[in-house]
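Asker: Provided below: target_4.pdb, containing PDB, C-alpha atoms and all ligand atoms.
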ATOM      1  CA  MET A   1      11.663   0.189  34.768
ATOM      2  CA  ILE A   2      13.101   3.624  34.010
ATOM      3  CA  THR A   3      16.882   3.386  33.780
ATOM      4  CA  LEU A   4      19.495   6.081  33.323
ATOM      5  CA  GLY A   5      22.535   4.847  31.399
ATOM      6  CA  ILE A   6      25.977   6.456  31.510
ATOM      7  CA  GLU A   7      28.537   5.713  28.788
ATOM      8  CA  SER A   8      32.073   7.088  29.134
ATOM      9  CA  THR A   9      34.459   4.352  28.005
ATOM     10  CA  ALA A  10      36.196   6.449  25.342
ATOM     11  CA  HIS A  11      35.662   9.667  23.362
ATOM     12  CA  THR A  12      31.892   9.657  23.797
ATOM     13  CA  LEU A  13      29.898  10.730  26.810
ATOM     14  CA  GLY A  14      26.414   9.258  26.517
ATOM     15  CA  LEU A  15      23.443   9.845  28.803
ATOM     16  CA  GLY A  16      20.486   7.695  27.860
ATOM     17  CA  VAL A  17      17.151   6.850  29.401
ATOM     18  CA  MET A  18      15.270   3.630  28.692
ATOM     19  CA  ASP A  19      11.857   2.531  29.887
ATOM     20  CA  GLY A  20      12.131  -1.211  29.359
ATOM     21  CA  LYS A  21      12.684  -1.591  25.620
ATOM     22  CA  LYS A  22      11.593   1.963  24.870
ATOM     23  CA  PRO A  23      14.311   4.617  24.425
ATOM     24  CA  LEU A  24      13.191   7.865  26.084
ATOM     25  CA  ALA A  25      16.415   9.840  25.577
ATOM     26  CA  ASN A  26      19.861   9.289  24.088
ATOM     27  CA  ILE A  27      22.121  12.317  24.494
ATOM     28  CA  ILE A  28      25.551  11.915  22.890
ATOM     29  CA  ARG A  29      28.455  14.331  23.451
ATOM     30  CA  THR A  30      31.666  13.358  21.672
ATOM     31  CA  TYR A  31      35.147  14.643  22.399
ATOM     32  CA  ILE A  32      36.819  15.548  19.108
ATOM     33  CA  PRO A  33      40.612  15.663  19.377
ATOM     34  CA  PRO A  34      42.559  18.337  17.487
ATOM     35  CA  GLU A  35      43.138  17.481  13.810
ATOM     36  CA  GLY A  36      45.534  14.607  13.259
ATOM     37  CA  GLU A  37      45.683  13.588  16.926
ATOM     38  CA  GLY A  38      44.316  10.508  18.653
ATOM     39  CA  ILE A  39      42.320  10.621  21.891
ATOM     40  CA  HIS A  40      44.208  12.227  24.770
ATOM     41  CA  PRO A  41      42.789  10.469  27.879
ATOM     42  CA  ARG A  42      42.877  13.455  30.234
ATOM     43  CA  LYS A  43      41.454  15.879  27.673
ATOM     44  CA  ALA A  44      38.653  13.428  26.877
ATOM     45  CA  ALA A  45      37.922  13.018  30.613
ATOM     46  CA  ASP A  46      37.907  16.834  31.050
ATOM     47  CA  HIS A  47      35.431  17.062  28.168
ATOM     48  CA  HIS A  48      33.143  14.464  29.773
ATOM     49  CA  ALA A  49      33.395  16.186  33.174
ATOM     50  CA  SER A  50      32.345  19.562  31.793
ATOM     51  CA  GLU A  51      29.586  18.073  29.600
ATOM     52  CA  PHE A  52      28.147  15.717  32.214
ATOM     53  CA  VAL A  53      25.674  17.992  33.979
ATOM     54  CA  PRO A  54      24.305  19.642  30.801
ATOM     55  CA  ALA A  55      24.017  16.222  29.119
ATOM     56  CA  LEU A  56      22.191  14.762  32.138
ATOM     57  CA  SER A  57      19.777  17.727  32.164
ATOM     58  CA  SER A  58      19.169  17.296  28.429
ATOM     59  CA  ALA A  59      18.532  13.565  28.849
ATOM     60  CA  LEU A  60      16.024  14.071  31.671
ATOM     61  CA  LYS A  61      14.331  16.856  29.714
ATOM     62  CA  ALA A  62      14.142  14.781  26.504
ATOM     63  CA  ALA A  63      12.685  11.856  28.484
ATOM     64  CA  ASN A  64      10.305  14.261  30.219
ATOM     65  CA  ILE A  65      11.236  12.925  33.647
ATOM     66  CA  SER A  66      13.108  14.056  36.766
ATOM     67  CA  MET A  67      15.772  12.155  38.734
ATOM     68  CA  ASN A  68      12.937  11.082  41.090
ATOM     69  CA  ASP A  69      11.477   8.949  38.292
ATOM     70  CA  VAL A  70      14.720   7.050  37.689
ATOM     71  CA  GLU A  71      14.622   3.533  39.167
ATOM     72  CA  LEU A  72      18.083   2.274  38.209
ATOM     73  CA  ILE A  73      21.411   3.921  37.334
ATOM     74  CA  SER A  74      23.519   1.889  34.925
ATOM     75  CA  PHE A  75      27.093   2.739  33.959
ATOM     76  CA  ALA A  76      29.690   1.329  31.572
ATOM     77  CA  GLN A  77      32.138  -0.525  33.776
ATOM     78  CA  GLY A  78      34.640  -1.248  30.988
ATOM     79  CA  PRO A  79      36.577  -1.890  28.872
ATOM     80  CA  GLY A  80      37.847   1.565  28.170
ATOM     81  CA  ILE A  81      40.255   4.430  28.733
ATOM     82  CA  GLY A  82      40.980   4.647  32.477
ATOM     83  CA  ALA A  83      40.449   8.389  32.868
ATOM     84  CA  THR A  84      37.115   8.609  31.011
ATOM     85  CA  LEU A  85      35.843   5.349  32.455
ATOM     86  CA  ARG A  86      36.508   6.439  36.044
ATOM     87  CA  LEU A  87      34.745   9.741  35.442
ATOM     88  CA  GLY A  88      31.568   7.843  34.481
ATOM     89  CA  VAL A  89      31.878   5.516  37.465
ATOM     90  CA  VAL A  90      32.319   8.425  39.897
ATOM     91  CA  MET A  91      29.337  10.281  38.422
ATOM     92  CA  ALA A  92      27.168   7.142  38.612
ATOM     93  CA  LYS A  93      28.191   6.505  42.214
ATOM     94  CA  TYR A  94      27.606  10.117  43.203
ATOM     95  CA  LEU A  95      24.125  10.105  41.656
ATOM     96  CA  SER A  96      23.298   6.800  43.336
ATOM     97  CA  ALA A  97      24.634   7.899  46.740
ATOM     98  CA  SER A  98      22.777  11.202  46.656
ATOM     99  CA  THR A  99      19.430   9.748  45.530
ATOM    100  CA  GLY A 100      19.388   6.194  46.910
ATOM    101  CA  ILE A 101      18.686   4.824  43.421
ATOM    102  CA  PRO A 102      20.335   1.405  42.916
ATOM    103  CA  ILE A 103      23.352   1.248  40.662
ATOM    104  CA  ILE A 104      24.674  -1.409  38.272
ATOM    105  CA  GLY A 105      27.796  -1.652  36.087
ATOM    106  CA  VAL A 106      27.702  -3.251  32.640
ATOM    107  CA  ASN A 107      30.168  -4.415  30.040
ATOM    108  CA  HIS A 108      30.308  -2.056  27.062
ATOM    109  CA  GLY A 109      30.434  -4.823  24.422
ATOM    110  CA  TYR A 110      27.580  -6.704  26.056
ATOM    111  CA  ALA A 111      25.517  -3.495  25.887
ATOM    112  CA  HIS A 112      26.292  -3.059  22.166
ATOM    113  CA  ALA A 113      25.164  -6.634  21.487
ATOM    114  CA  LYS A 114      21.970  -6.485  23.542
ATOM    115  CA  ILE A 115      20.634  -3.157  22.216
ATOM    116  CA  SER A 116      21.282  -4.272  18.622
ATOM    117  CA  GLU A 117      19.553  -7.591  19.285
ATOM    118  CA  MET A 118      16.586  -5.688  20.714
ATOM    119  CA  PHE A 119      16.285  -3.387  17.683
ATOM    120  CA  SER A 120      16.760  -6.237  15.189
ATOM    121  CA  GLY A 121      13.926  -8.225  16.766
ATOM    122  CA  LEU A 122      16.051 -11.370  16.335
ATOM    123  CA  GLU A 123      16.383 -13.596  19.390
ATOM    124  CA  ARG A 124      19.608 -15.277  20.435
ATOM    125  CA  PRO A 125      21.514 -14.386  17.264
ATOM    126  CA  LEU A 126      25.185 -14.704  16.487
ATOM    127  CA  TYR A 127      26.775 -11.297  17.118
ATOM    128  CA  LEU A 128      29.488  -9.594  15.129
ATOM    129  CA  TYR A 129      30.832  -6.792  17.312
ATOM    130  CA  VAL A 130      32.921  -4.281  15.358
ATOM    131  CA  SER A 131      34.441  -1.200  16.948
ATOM    132  CA  GLY A 132      37.738   0.649  17.243
ATOM    133  CA  GLY A 133      39.401  -1.758  19.638
ATOM    134  CA  ASN A 134      37.230  -4.829  19.139
ATOM    135  CA  THR A 135      36.239  -7.255  16.439
ATOM    136  CA  GLN A 136      34.520 -10.257  17.992
ATOM    137  CA  ILE A 137      32.104 -12.976  16.952
ATOM    138  CA  MET A 138      29.990 -13.962  19.934
ATOM    139  CA  GLN A 139      27.059 -16.047  21.077
ATOM    140  CA  GLU A 140      25.157 -15.720  24.317
ATOM    141  CA  HIS A 141      24.495 -18.667  26.587
ATOM    142  CA  GLU A 142      21.969 -18.520  29.398
ATOM    143  CA  TRP A 143      23.565 -15.428  30.859
ATOM    144  CA  ARG A 144      27.043 -15.140  29.529
ATOM    145  CA  MET A 145      28.733 -14.209  26.302
ATOM    146  CA  GLU A 146      31.093 -16.603  24.576
ATOM    147  CA  VAL A 147      33.635 -15.202  22.152
ATOM    148  CA  LEU A 148      33.852 -17.693  19.282
ATOM    149  CA  GLY A 149      36.348 -15.732  17.248
ATOM    150  CA  GLU A 150      38.046 -12.350  17.363
ATOM    151  CA  THR A 151      40.841 -10.226  16.042
ATOM    152  CA  LEU A 152      44.231 -11.522  17.074
ATOM    153  CA  ASP A 153      45.774  -8.049  16.919
ATOM    154  CA  ILE A 154      44.025  -4.712  16.299
ATOM    155  CA  GLY A 155      40.294  -3.956  16.013
ATOM    156  CA  MET A 156      38.820  -3.203  12.589
ATOM    157  CA  GLY A 157      38.091   0.375  13.605
ATOM    158  CA  ASN A 158      41.713   0.929  14.607
ATOM    159  CA  LEU A 159      42.811  -0.468  11.252
ATOM    160  CA  PHE A 160      40.749   2.153   9.433
ATOM    161  CA  ASP A 161      41.576   5.029  11.803
ATOM    162  CA  THR A 162      45.326   4.344  11.757
ATOM    163  CA  PHE A 163      45.420   4.113   7.971
ATOM    164  CA  ALA A 164      43.293   7.247   7.591
ATOM    165  CA  ARG A 165      45.558   9.227   9.950
ATOM    166  CA  GLY A 166      48.658   8.012   8.091
ATOM    167  CA  ILE A 167      47.425   9.307   4.730
ATOM    168  CA  GLY A 168      46.556  12.671   6.254
ATOM    169  CA  ILE A 169      42.775  12.498   6.555
ATOM    170  CA  LYS A 170      41.965  15.207   9.070
ATOM    171  CA  ARG A 171      39.010  13.632  10.859
ATOM    172  CA  ALA A 172      40.526  10.166  10.709
ATOM    173  CA  HIS A 173      37.800   7.572  11.088
ATOM    174  CA  GLY A 174      36.002   4.883   9.126
ATOM    175  CA  ALA A 175      33.237   7.130   7.778
ATOM    176  CA  GLU A 176      35.746   9.507   6.140
ATOM    177  CA  LEU A 177      37.681   6.574   4.732
ATOM    178  CA  SER A 178      34.466   5.127   3.250
ATOM    179  CA  ARG A 179      33.851   8.444   1.477
ATOM    180  CA  LEU A 180      37.368   8.376   0.038
ATOM    181  CA  ALA A 181      36.955   4.734  -1.068
ATOM    182  CA  ILE A 182      33.929   5.425  -3.295
ATOM    183  CA  GLY A 183      34.799   4.469  -6.882
ATOM    184  CA  GLY A 184      38.163   2.941  -5.927
ATOM    185  CA  ASN A 185      39.689   0.039  -7.840
ATOM    186  CA  TYR A 186      40.649  -3.206  -6.179
ATOM    187  CA  VAL A 187      44.312  -3.971  -5.538
ATOM    188  CA  LYS A 188      45.370  -7.176  -3.848
ATOM    189  CA  LEU A 189      46.126  -6.996  -0.104
ATOM    190  CA  PRO A 190      46.829  -9.657   2.563
ATOM    191  CA  TYR A 191      43.735 -11.529   3.714
ATOM    192  CA  THR A 192      44.109 -13.267   7.092
ATOM    193  CA  VAL A 193      41.376 -15.467   8.529
ATOM    194  CA  LYS A 194      42.426 -18.225  10.920
ATOM    195  CA  GLY A 195      39.405 -20.376  11.628
ATOM    196  CA  LEU A 196      37.040 -17.992  13.403
ATOM    197  CA  ASN A 197      39.770 -15.450  14.159
ATOM    198  CA  LEU A 198      41.008 -12.489  12.162
ATOM    199  CA  ALA A 199      44.222 -10.498  11.970
ATOM    200  CA  PHE A 200      44.439  -6.963  10.598
ATOM    201  CA  SER A 201      47.969  -5.749  11.296
ATOM    202  CA  GLY A 202      49.474  -7.319   8.129
ATOM    203  CA  LEU A 203      46.691  -5.714   6.120
ATOM    204  CA  LEU A 204      47.460  -2.345   7.724
ATOM    205  CA  THR A 205      51.216  -2.549   7.055
ATOM    206  CA  SER A 206      50.681  -3.559   3.424
ATOM    207  CA  ALA A 207      48.058  -0.873   2.857
ATOM    208  CA  GLN A 208      50.361   1.774   4.366
ATOM    209  CA  SER A 209      53.236   0.821   2.081
ATOM    210  CA  LEU A 210      50.956   0.504  -0.975
ATOM    211  CA  ALA A 211      49.636   4.008  -0.286
ATOM    212  CA  LYS A 212      53.100   5.398  -1.104
ATOM    213  CA  THR A 213      52.766   4.311  -4.745
ATOM    214  CA  HIS A 214      49.049   3.820  -5.399
ATOM    215  CA  PRO A 215      46.094   6.231  -5.347
ATOM    216  CA  HIS A 216      44.761   6.472  -1.765
ATOM    217  CA  LYS A 217      41.250   5.923  -3.066
ATOM    218  CA  ASP A 218      42.191   2.463  -4.437
ATOM    219  CA  VAL A 219      44.073   1.423  -1.306
ATOM    220  CA  ALA A 220      41.272   2.602   1.008
ATOM    221  CA  TYR A 221      38.674   0.767  -1.075
ATOM    222  CA  SER A 222      40.723  -2.452  -1.203
ATOM    223  CA  MET A 223      41.595  -2.398   2.487
ATOM    224  CA  MET A 224      37.961  -1.983   3.506
ATOM    225  CA  GLU A 225      36.724  -4.641   1.073
ATOM    226  CA  THR A 226      39.368  -7.059   2.359
ATOM    227  CA  ALA A 227      38.576  -6.414   6.034
ATOM    228  CA  PHE A 228      34.810  -6.769   5.472
ATOM    229  CA  SER A 229      35.280  -9.970   3.432
ATOM    230  CA  MET A 230      37.388 -11.425   6.234
ATOM    231  CA  ALA A 231      34.633 -10.625   8.750
ATOM    232  CA  CYS A 232      32.032 -12.232   6.442
ATOM    233  CA  GLU A 233      34.058 -15.424   6.063
ATOM    234  CA  ALA A 234      34.609 -15.804   9.818
ATOM    235  CA  CYS A 235      30.915 -15.068  10.526
ATOM    236  CA  GLU A 236      29.728 -17.538   7.918
ATOM    237  CA  ARG A 237      31.893 -20.252   9.459
ATOM    238  CA  ALA A 238      30.663 -19.341  12.954
ATOM    239  CA  LEU A 239      27.034 -19.486  11.751
ATOM    240  CA  PHE A 240      27.522 -23.014  10.435
ATOM    241  CA  LEU A 241      29.407 -24.186  13.519
ATOM    242  CA  SER A 242      26.948 -22.669  16.010
ATOM    243  CA  GLY A 243      23.835 -23.554  14.030
ATOM    244  CA  LYS A 244      22.526 -19.994  14.597
ATOM    245  CA  LYS A 245      19.830 -18.836  12.214
ATOM    246  CA  SER A 246      20.369 -15.114  12.631
ATOM    247  CA  LEU A 247      23.242 -12.631  12.684
ATOM    248  CA  VAL A 248      23.296  -9.198  14.311
ATOM    249  CA  VAL A 249      26.109  -6.733  13.642
ATOM    250  CA  CYS A 250      26.771  -4.235  16.444
ATOM    251  CA  GLY A 251      29.259  -1.605  17.619
ATOM    252  CA  GLY A 252      30.484   1.599  16.002
ATOM    253  CA  GLY A 253      31.738  -0.223  12.892
ATOM    254  CA  ALA A 254      28.271  -1.694  12.329
ATOM    255  CA  GLN A 255      27.182   1.679  10.947
ATOM    256  CA  ASN A 256      29.152   1.001   7.760
ATOM    257  CA  ARG A 257      26.619   0.364   4.993
ATOM    258  CA  ARG A 258      29.042  -1.652   2.856
ATOM    259  CA  LEU A 259      29.723  -4.011   5.779
ATOM    260  CA  GLN A 260      25.986  -4.269   6.468
ATOM    261  CA  GLY A 261      25.321  -4.985   2.777
ATOM    262  CA  MET A 262      27.980  -7.693   2.517
ATOM    263  CA  LEU A 263      26.777  -9.420   5.694
ATOM    264  CA  ALA A 264      23.145  -9.168   4.554
ATOM    265  CA  SER A 265      23.865 -10.793   1.191
ATOM    266  CA  MET A 266      25.967 -13.533   2.809
ATOM    267  CA  CYS A 267      23.066 -14.216   5.215
ATOM    268  CA  ALA A 268      20.493 -14.193   2.397
ATOM    269  CA  GLU A 269      22.500 -16.827   0.501
ATOM    270  CA  ASP A 270      22.641 -19.023   3.607
ATOM    271  CA  GLY A 271      18.993 -18.574   4.644
ATOM    272  CA  VAL A 272      20.019 -16.692   7.790
ATOM    273  CA  ARG A 273      18.212 -13.573   9.071
ATOM    274  CA  PHE A 274      20.271 -10.422   9.449
ATOM    275  CA  GLY A 275      19.751  -7.360  11.614
ATOM    276  CA  ALA A 276      21.364  -4.123  12.784
ATOM    277  CA  ALA A 277      20.296  -1.262  15.051
ATOM    278  CA  PRO A 278      19.808   2.341  13.862
ATOM    279  CA  ASP A 279      23.148   4.199  13.736
ATOM    280  CA  GLU A 280      22.386   6.248  16.855
ATOM    281  CA  PHE A 281      22.385   3.026  18.908
ATOM    282  CA  ASN A 282      25.463   1.520  17.235
ATOM    283  CA  ARG A 283      27.547   4.521  18.180
ATOM    284  CA  ASP A 284      28.718   4.558  21.767
ATOM    285  CA  ASN A 285      25.632   5.745  23.637
ATOM    286  CA  GLY A 286      23.959   5.784  27.037
ATOM    287  CA  ALA A 287      20.696   4.100  25.990
ATOM    288  CA  MET A 288      22.485   0.806  25.346
ATOM    289  CA  ILE A 289      24.102   0.976  28.791
ATOM    290  CA  ALA A 290      20.676   1.602  30.357
ATOM    291  CA  TYR A 291      19.134  -1.300  28.454
ATOM    292  CA  ALA A 292      21.905  -3.779  29.374
ATOM    293  CA  GLY A 293      21.714  -2.580  32.995
ATOM    294  CA  GLU A 294      18.004  -3.406  33.117
ATOM    295  CA  ILE A 295      18.642  -6.928  31.801
ATOM    296  CA  LEU A 296      21.437  -7.638  34.286
ATOM    297  CA  TYR A 297      19.566  -6.059  37.215
ATOM    298  CA  GLU A 298      16.480  -8.173  36.564
ATOM    299  CA  LYS A 299      18.609 -11.318  36.322
ATOM    300  CA  PHE A 300      21.052 -10.806  39.160
ATOM    301  CA  GLY A 301      20.066  -7.797  41.254
ATOM    302  CA  THR A 302      22.941  -5.622  42.396
ATOM    303  CA  ILE A 303      25.483  -4.979  45.141
ATOM    304  CA  PRO A 304      26.258  -1.939  47.360
ATOM    305  CA  ILE A 305      27.714   1.203  45.748
ATOM    306  CA  GLU A 306      31.151   0.891  47.328
ATOM    307  CA  LYS A 307      31.754  -2.483  45.676
ATOM    308  CA  TRP A 308      31.470  -1.090  42.162
ATOM    309  CA  GLY A 309      34.468   0.103  40.184
ATOM    310  CA  ALA A 310      35.861   0.353  36.681
ATOM    311  CA  ILE A 311      37.430  -2.664  34.946
ATOM    312  CA  GLN A 312      39.663  -1.245  32.253
ATOM    313  CA  ASP A 313      40.288  -4.597  30.521
ATOM    314  CA  PHE A 314      36.747  -5.944  30.948
ATOM    315  CA  ARG A 315      36.392  -8.536  28.186
ATOM    316  CA  THR A 316      32.912  -9.288  26.856
ATOM    317  CA  ASP A 317      33.234 -12.898  27.962
ATOM    318  CA  MET A 318      34.141 -11.869  31.534
ATOM    319  CA  VAL A 319      30.524 -10.859  32.266
ATOM    320  CA  GLN A 320      29.876 -14.229  33.937
ATOM    321  CA  GLU A 321      33.024 -14.065  36.057
ATOM    322  CA  VAL A 322      32.329 -10.529  37.240
ATOM    323  CA  VAL A 323      28.716 -11.291  38.181
ATOM    324  CA  LYS A 324      29.779 -14.387  40.131
ATOM    325  CA  LYS A 325      32.513 -12.491  41.946
ATOM    326  CA  ARG A 326      30.221  -9.703  43.003
ATOM    327  CA  GLN A 327      27.682 -12.218  44.264
ATOM    328  CA  GLY A 328      30.471 -13.821  46.311
ATOM    329  CA  ARG A 329      30.108 -17.150  44.498
TER     330      ARG A 329
HETATM  331 FE    FE B 401      31.624   0.956  21.540
END
Would you put the structure from the file into structure tokens?
Ligand SMILES: [Fe+2]

Answerer:
Amino acid sequence: MITLGIESTAHTLGLGVMDGKKPLANIIRTYIPPEGEGIHPRKAADHHASEFVPALSSALKAANISMNDVELISFAQGPGIGATLRLGVVMAKYLSASTGIPIIGVNHGYAHAKISEMFSGLERPLYLYVSGGNTQIMQEHEWRMEVLGETLDIGMGNLFDTFARGIGIKRAHGAELSRLAIGGNYVKLPYTVKGLNLAFSGLLTSAQSLAKTHPHKDVAYSMMETAFSMACEACERALFLSGKKSLVVCGGGAQNRRLQGMLASMCAEDGVRFGAAPDEFNRDNGAMIAYAGEILYEKFGTIPIEKWGAIQDFRTDMVQEVVKKRQGR
């Protein structure tokens, strides 16, 4: 099945095309806010609106297909920023209405997990989902996700971005912070794991105050090491409790090589297989939305266009609830 996937939950507009498990195109257009600013919802939505048609043309061209070849249109239903999310939903609905191609909405976190599972080749793994707003440890049952543990306050990505912005890094995100952290020395910071859950706000506050007196390099290094160690501990516990024999890390934060390395060595010690997708598919992207759409469409079919809408606070473990509701069960 050839599926067009539309991602627009935050700063990235993604138009991807999948043919079953084969990616045919993955066009990514990211809104970059002015230096030192966070994402402005309307400006990000304006960016996605003006980039949509060129990105769609590029995706169809890269996949060497036309709209006539598309058999399913899949869009990110949530969670996300209202303005950008709605833009994607409207575009998906318009395309579906004007072509008659069926449409399906998918959960963004579910899509991250499923595309990473596909690339890792590991079946039914434990998932660690790490992004700006999310840090969740999940397992999938027959057709729903269960969140075993998660951050009790901010996502790991937000921890890094907020700290980076506070110390004046211009393009404030995890990758820049990782560059700064190279060669840093460890200083002690709060470490908060509660069972399978994590908390990062105490770590952020302490790191911010330590940065006033200590070299930023050392604080950045220590904060990242602490956050990654916390994630490893919670995952290791979840692996033992769930009896899972494989772990897949997914989401934007999964691109971090230090996090990947720490998880891989923890897994190797425990005799657990470890996997991650290529970076392009861990970033927010349309191919993952297309892939997850195919899975859900094959399992549950779909509903008429007018019944679809955005769900801004769409939790990963609400997938079951949403499917049931739309089937009128
Ligand atoms: Fe994401």

Asker: Please give me, as an NGL selection string, the residues lying within 10 Å of ligand FE 401 (chain B) when counting all atoms listed in the file.

Answerer: :A and (7-12 or 79-80 or 108-113 or 129-134 or 250-253 or 281-285 or 288)

Asker: For the atom pair CA of Lys325 (chain A) and CA of Asp313 (chain A), what is the interatomic distance in Å to one decimal place?

Answerer: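 Going from CA of Lys325 (chain A) over to CA of Asp313 (chain A), I get 15.9 Å.
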
Asker: Please enumerate the residues selected by the PyMOL selection byres (((chain A and resi 82-91) around 7) and not hetatm) when evaluated against the supplied file, formatted as a list in words.

Answerer: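 Listing what the PyMOL selection byres (((chain A and resi 82-91) around 7) and not hetatm) selects in the shown file: Ile6, Glu7, Ser8, Thr9, Ala10, Pro41, Arg42, Ala44, Ala45, Ala49, Phe75, Gly78, Gly80, Ile81, Ala92, Lys93, Tyr94, Leu95, Gly309, Ala310 and Gln312 of chain A.
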
Asker: Put those residues in a file: C-alpha atoms, as a CSV table (one decimal), in the coordinates of the input.

Answerer:
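Result file follows (part_6.csv):
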chain,number,residue,atom,x,y,z
A,6,ILE,CA,26.0,6.5,31.5
A,7,GLU,CA,28.5,5.7,28.8
A,8,SER,CA,32.1,7.1,29.1
A,9,THR,CA,34.5,4.4,28.0
A,10,ALA,CA,36.2,6.4,25.3
A,41,PRO,CA,42.8,10.5,27.9
A,42,ARG,CA,42.9,13.5,30.2
A,44,ALA,CA,38.7,13.4,26.9
A,45,ALA,CA,37.9,13.0,30.6
A,49,ALA,CA,33.4,16.2,33.2
A,75,PHE,CA,27.1,2.7,34.0
A,78,GLY,CA,34.6,-1.2,31.0
A,80,GLY,CA,37.8,1.6,28.2
A,81,ILE,CA,40.3,4.4,28.7
A,92,ALA,CA,27.2,7.1,38.6
A,93,LYS,CA,28.2,6.5,42.2
A,94,TYR,CA,27.6,10.1,43.2
A,95,LEU,CA,24.1,10.1,41.7
A,309,GLY,CA,34.5,0.1,40.2
A,310,ALA,CA,35.9,0.4,36.7
A,312,GLN,CA,39.7,-1.2,32.3

Asker: Given the choices A:Gly155, A:Gly14, A:Gly121, A:Gly293, which gets closest to Val53 (chain A) if the distance is worked out from all atoms listed in the file?

Answerer: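 Closest to Val53 (chain A), using all atoms listed in the file: A:Gly14.
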
Asker: For Met223 (chain A), which residue out of A:Met138, A:Ala76, A:Leu159, A:Leu24 is the nearest one, using all atoms listed in the file?

Answerer: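 Of A:Met138, A:Ala76, A:Leu159, A:Leu24, the one nearest Met223 (chain A), counting all atoms listed in the file, is A:Leu159.
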
Asker: Can you list what the PyMOL selection byres (((chain A and resi 144) around 10) and not hetatm) grabs from this structure, as a list in words?

Answerer: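 So the PyMOL selection byres (((chain A and resi 144) around 10) and not hetatm), applied here, picks out Tyr110, Gln139, Glu140, His141, Glu142, Trp143, Met145, Glu146, Val147, Thr316, Asp317, Met318, Val319, Gln320, Glu321 and Val323 of chain A.
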
Asker: I'd like the contact shell of region 176-179 of chain A - 8 Å cut-off, only C-alpha atoms, skipping same-chain residues fewer than 6 positions apart - returned as a ChimeraX atom specification.

Answerer: /A:160,164,169,220-221,224

Asker: Which is closest to Ala97 (chain A) among A:Leu122, A:Leu152, A:Ile305, A:Leu13, if we use all atoms listed in the file?

Answerer: A:Ile305

Asker: Could you tell me, as a PyMOL selection string, exactly which residues end up selected when the PyMOL selection byres (((chain A and resi 71) around 9) and not hetatm) is applied to this structure?

Answerer: chain A and resi 1-4+67-70+72-73+101-102

Asker: Could you please determine the separation between CA of Glu35 (chain A) and CA of Gly168 (chain A) in Å, to one decimal place?

Answerer: 9.6 Å

Asker: Restricting the calculation to only C-alpha atoms, which member of A:Pro278, A:Ala254, A:Cys267, A:Met262 is positioned closest to Phe240 (chain A)?

Answerer: A:Cys267
